[in-house]
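Working notes, structure below.
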Amino acid sequence: MRKALLHLKKADPVMAGLIDRIGPYAIEYLEPGYVSLAKAIVYQQLSGKVAETIFRRLAGATGDGRLTPEATLKLSPARLRELGLSKQKIAYLRDLAQRTLSGSLDFAALRRLPDRLVYQRLTALKGIGPWTVQMFLIFALRRPNVLPSADLGIRAAVQKAYGFAELPTPRQIEELARPWRPYCTVASWYLWRSLEEKAGL
């Protein structure tokens, strides 16, 4: 990690300032399985605090606090709606649970695949787009060079830290991030942390 931080600080003075202000890199990882991908689905298009509340309710509704595919499928769509999930997300979570149980989604195999093939496999599933895959790559598969350039938090953090007059576009962020490679994940974490005390899925 020292190598990544030295690279970012040398490559980008603004990022160097964020690193010095925020302190050590302390990302919190999840096991690369059903829970981490389900969590990414819950977090789609929501603020971190709202999503965290809904995810806690979902885990709590299983009885023992463990979110499993079986537990998800036992909860009725009506109950899932009561927890704050949209109809679309309920369909996505149930589809994911069924695919996990059937073995058609092999999480162990994903660990061995390069990023582009993880994208290919996961975006074939219902309701999983590039952002959800990026969260899974970062927080579950621990990939070092992922840039969620369309993420609203990343865009807001870049606007604030780099002095953009308006919210930067994903393309502008990708251009800005060129010097961060091959450690875009680390840079992204610092950008999230610059807005929120606790960044993460």
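We label chains A, B, ... in the order they appear in the structure tokens, count residues from 1 in each chain, and number ligands from 1 in the order shown.
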- Task: Find the spatial neighbours of A:Lys87, counting only C-alpha atoms, within a cut-off of 8 Å - ignore same-chain residues fewer than 4 positions away - and output them as a PyMOL selection string.
- Result: chain A and resi 77+81+91
- Task: Check stretch 36-153 of chain A with DSSP on the backbone and list each residue it calls alpha helix (DSSP H), as a PyMOL selection string.
- Result: chain A and resi 36-42+48-60+69-74+77-82+87-102+107-112+115-122+130-139+152-153
- Message: List as an NGL selection string the protein and nucleic acid residues near A:Pro148, meaning an atom at most 7 Å away when only C-alpha atoms are counted, but skip any in the same chain fewer than 3 places from it.
- Response: :A and (131 or 134 or 151)
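Across the structure, atom CA of A:Ala109 and atom CA of A:Gly127 are spaced 20.5 Å apart.
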I'd like the neighbourhood of stretch 172-178 of chain A as a PDB file with N, CA and C atoms, in the first residue's frame, where a residue qualifies if any of its atoms comes within 8 Å (using only C-alpha atoms), though same-chain residues fewer than 4 positions away should be ignored.
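File written: around_35.pdb
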ATOM      1  N   LEU A 147     -12.014   2.541 -11.435  1.00  0.00           N
ATOM      2  CA  LEU A 147     -12.415   3.951 -11.360  1.00  0.00           C
ATOM      3  C   LEU A 147     -13.910   4.072 -11.647  1.00  0.00           C
ATOM      4  N   SER A 149     -16.143   6.228 -12.481  1.00  0.00           N
ATOM      5  CA  SER A 149     -16.171   7.629 -12.913  1.00  0.00           C
ATOM      6  C   SER A 149     -17.580   8.213 -12.983  1.00  0.00           C
ATOM      7  N   ARG A 155     -17.820  12.031  -8.406  1.00  0.00           N
ATOM      8  CA  ARG A 155     -17.940  13.273  -9.180  1.00  0.00           C
ATOM      9  C   ARG A 155     -18.030  14.494  -8.264  1.00  0.00           C
ATOM     10  N   VAL A 158     -14.559  15.105  -6.675  1.00  0.00           N
ATOM     11  CA  VAL A 158     -13.628  15.698  -7.645  1.00  0.00           C
ATOM     12  C   VAL A 158     -13.969  17.170  -7.860  1.00  0.00           C
ATOM     13  N   PRO A 168     -18.203  17.407 -12.634  1.00  0.00           N
ATOM     14  CA  PRO A 168     -17.466  16.906 -13.802  1.00  0.00           C
ATOM     15  C   PRO A 168     -18.152  15.687 -14.419  1.00  0.00           C
ATOM     16  N   CYS A 184      -6.258   3.418  -9.196  1.00  0.00           N
ATOM     17  CA  CYS A 184      -7.491   4.218  -9.195  1.00  0.00           C
ATOM     18  C   CYS A 184      -8.427   3.852  -8.043  1.00  0.00           C
TER      19      CYS A 184
END
- Would you list the contacts of A:Ala61 as a list in words, taking every protein, DNA or RNA residue within 12 Å and counting only C-alpha atoms, but skipping same-chain residues closer than 4 positions in sequence? Ile54, Phe55, Arg56, Arg57, Gly65, Arg66, Leu67, Thr68, Ala71, Thr72, Leu73, Lys74, Leu75, Ser76, Arg79, Leu80, Arg81, Glu82, Leu83 and Gly84 of chain A
Would you save the residues of that selection, restricted to N, CA, C and O atoms, as an mmCIF file, in the first residue's frame?
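The new file part_16.cif reads:
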data_model
loop_
_atom_site.group_PDB
_atom_site.id
_atom_site.type_symbol
_atom_site.label_atom_id
_atom_site.label_comp_id
_atom_site.auth_asym_id
_atom_site.auth_seq_id
_atom_site.Cartn_x
_atom_site.Cartn_y
_atom_site.Cartn_z
ATOM 1 N N ILE A 54 -31.330 0.625 4.799
ATOM 2 C CA ILE A 54 -32.140 -0.404 4.144
ATOM 3 C C ILE A 54 -31.442 -1.756 4.198
ATOM 4 O O ILE A 54 -32.075 -2.789 4.478
ATOM 5 N N PHE A 55 -30.126 -1.758 3.985
ATOM 6 C CA PHE A 55 -29.403 -3.026 4.003
ATOM 7 C C PHE A 55 -29.422 -3.644 5.404
ATOM 8 O O PHE A 55 -29.568 -4.861 5.551
ATOM 9 N N ARG A 56 -29.313 -2.822 6.427
ATOM 10 C CA ARG A 56 -29.379 -3.332 7.802
ATOM 11 C C ARG A 56 -30.751 -3.932 8.097
ATOM 12 O O ARG A 56 -30.860 -4.966 8.744
ATOM 13 N N ARG A 57 -31.793 -3.261 7.612
ATOM 14 C CA ARG A 57 -33.143 -3.802 7.780
ATOM 15 C C ARG A 57 -33.273 -5.151 7.089
ATOM 16 O O ARG A 57 -33.879 -6.087 7.626
ATOM 17 N N GLY A 65 -29.735 -12.282 11.260
ATOM 18 C CA GLY A 65 -28.844 -11.221 10.789
ATOM 19 C C GLY A 65 -27.923 -11.628 9.663
ATOM 20 O O GLY A 65 -27.113 -10.830 9.208
ATOM 21 N N ARG A 66 -28.047 -12.879 9.214
ATOM 22 C CA ARG A 66 -27.194 -13.363 8.112
ATOM 23 C C ARG A 66 -27.991 -13.344 6.814
ATOM 24 O O ARG A 66 -29.019 -14.025 6.705
ATOM 25 N N LEU A 67 -27.527 -12.569 5.867
ATOM 26 C CA LEU A 67 -28.210 -12.494 4.580
ATOM 27 C C LEU A 67 -27.684 -13.602 3.670
ATOM 28 O O LEU A 67 -26.510 -13.612 3.305
ATOM 29 N N THR A 68 -28.530 -14.522 3.336
ATOM 30 C CA THR A 68 -28.179 -15.628 2.443
ATOM 31 C C THR A 68 -29.177 -15.658 1.296
ATOM 32 O O THR A 68 -30.269 -15.071 1.398
ATOM 33 N N ALA A 71 -32.425 -17.084 2.686
ATOM 34 C CA ALA A 71 -33.155 -16.134 3.532
ATOM 35 C C ALA A 71 -33.846 -15.068 2.689
ATOM 36 O O ALA A 71 -34.973 -14.656 2.989
ATOM 37 N N THR A 72 -33.180 -14.608 1.635
ATOM 38 C CA THR A 72 -33.770 -13.599 0.752
ATOM 39 C C THR A 72 -35.039 -14.131 0.098
ATOM 40 O O THR A 72 -36.067 -13.449 0.048
ATOM 41 N N LEU A 73 -34.986 -15.358 -0.393
ATOM 42 C CA LEU A 73 -36.131 -15.936 -1.096
ATOM 43 C C LEU A 73 -37.297 -16.250 -0.164
ATOM 44 O O LEU A 73 -38.448 -16.329 -0.595
ATOM 45 N N LYS A 74 -37.001 -16.411 1.131
ATOM 46 C CA LYS A 74 -38.073 -16.672 2.107
ATOM 47 C C LYS A 74 -38.875 -15.411 2.421
ATOM 48 O O LYS A 74 -40.016 -15.495 2.884
ATOM 49 N N LEU A 75 -38.268 -14.263 2.186
ATOM 50 C CA LEU A 75 -38.964 -12.995 2.440
ATOM 51 C C LEU A 75 -39.872 -12.669 1.249
ATOM 52 O O LEU A 75 -39.416 -12.675 0.111
ATOM 53 N N SER A 76 -41.121 -12.410 1.515
ATOM 54 C CA SER A 76 -42.061 -12.125 0.430
ATOM 55 C C SER A 76 -41.748 -10.772 -0.200
ATOM 56 O O SER A 76 -41.162 -9.891 0.460
ATOM 57 N N ARG A 79 -42.946 -8.020 1.996
ATOM 58 C CA ARG A 79 -42.071 -7.762 3.150
ATOM 59 C C ARG A 79 -40.838 -6.979 2.702
ATOM 60 O O ARG A 79 -40.392 -6.053 3.403
ATOM 61 N N LEU A 80 -40.279 -7.329 1.569
ATOM 62 C CA LEU A 80 -39.102 -6.622 1.057
ATOM 63 C C LEU A 80 -39.435 -5.168 0.734
ATOM 64 O O LEU A 80 -38.611 -4.276 0.951
ATOM 65 N N ARG A 81 -40.654 -4.925 0.249
ATOM 66 C CA ARG A 81 -41.073 -3.543 -0.007
ATOM 67 C C ARG A 81 -41.153 -2.760 1.301
ATOM 68 O O ARG A 81 -40.756 -1.597 1.366
ATOM 69 N N GLU A 82 -41.629 -3.419 2.356
ATOM 70 C CA GLU A 82 -41.726 -2.771 3.674
ATOM 71 C C GLU A 82 -40.343 -2.347 4.177
ATOM 72 O O GLU A 82 -40.221 -1.369 4.912
ATOM 73 N N LEU A 83 -39.312 -3.077 3.787
ATOM 74 C CA LEU A 83 -37.952 -2.773 4.233
ATOM 75 C C LEU A 83 -37.355 -1.589 3.486
ATOM 76 O O LEU A 83 -36.292 -1.095 3.858
ATOM 77 N N GLY A 84 -38.037 -1.142 2.415
ATOM 78 C CA GLY A 84 -37.571 0.034 1.683
ATOM 79 C C GLY A 84 -37.009 -0.263 0.310
ATOM 80 O O GLY A 84 -36.480 0.641 -0.347
#
- Find the residues around stretch 36-43 of chain A up to 8 Å (only C-alpha atoms counted), leave out those fewer than 6 positions away in its own chain, and share them as a PyMOL selection string. chain A and resi 30+51-52+54-55+85+89+92-93+96+127-128+132+135-136+139-140+201
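Comparing A:Ile90, A:Leu46, A:Ile19, A:Val133 by their smallest distance to A:Ala4, the closest is A:Ile19 (using only C-alpha atoms).
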- Task: Write out as number ranges by chain the residues lying within 10 Å of A:Ser194, counting only C-alpha atoms and excluding same-chain residues fewer than 4 positions away.
- Result: A: 18-19, 21-22, 153-154, 156-158, 160-161, 188-190, 198-199
- Query: Using only C-alpha atoms, which residue out of A:Ala16, A:Ala78, A:Leu5, A:Ala26 lies closest to A:Arg193?
  - Reply: A:Ala26
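Going from atom CA of A:Arg111 to atom CA of A:Arg143 covers 9.9 Å.
Distances from A:Gly103, A:Pro24, A:Pro13, A:Gly48 to A:Pro69 were compared using only C-alpha atoms, and the smallest one belongs to A:Gly103.
Atom CA of A:Leu58 sits 26.0 Å away from atom CA of A:Val118.
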- Task: Would you mind telling me which residue in A:Gly129, A:Thr100, A:Gly17, A:Tyr162 lies nearest to A:Gln45 when using only C-alpha atoms?
- Result: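 With only C-alpha atoms as the atom set, the closest residue is A:Gly129.
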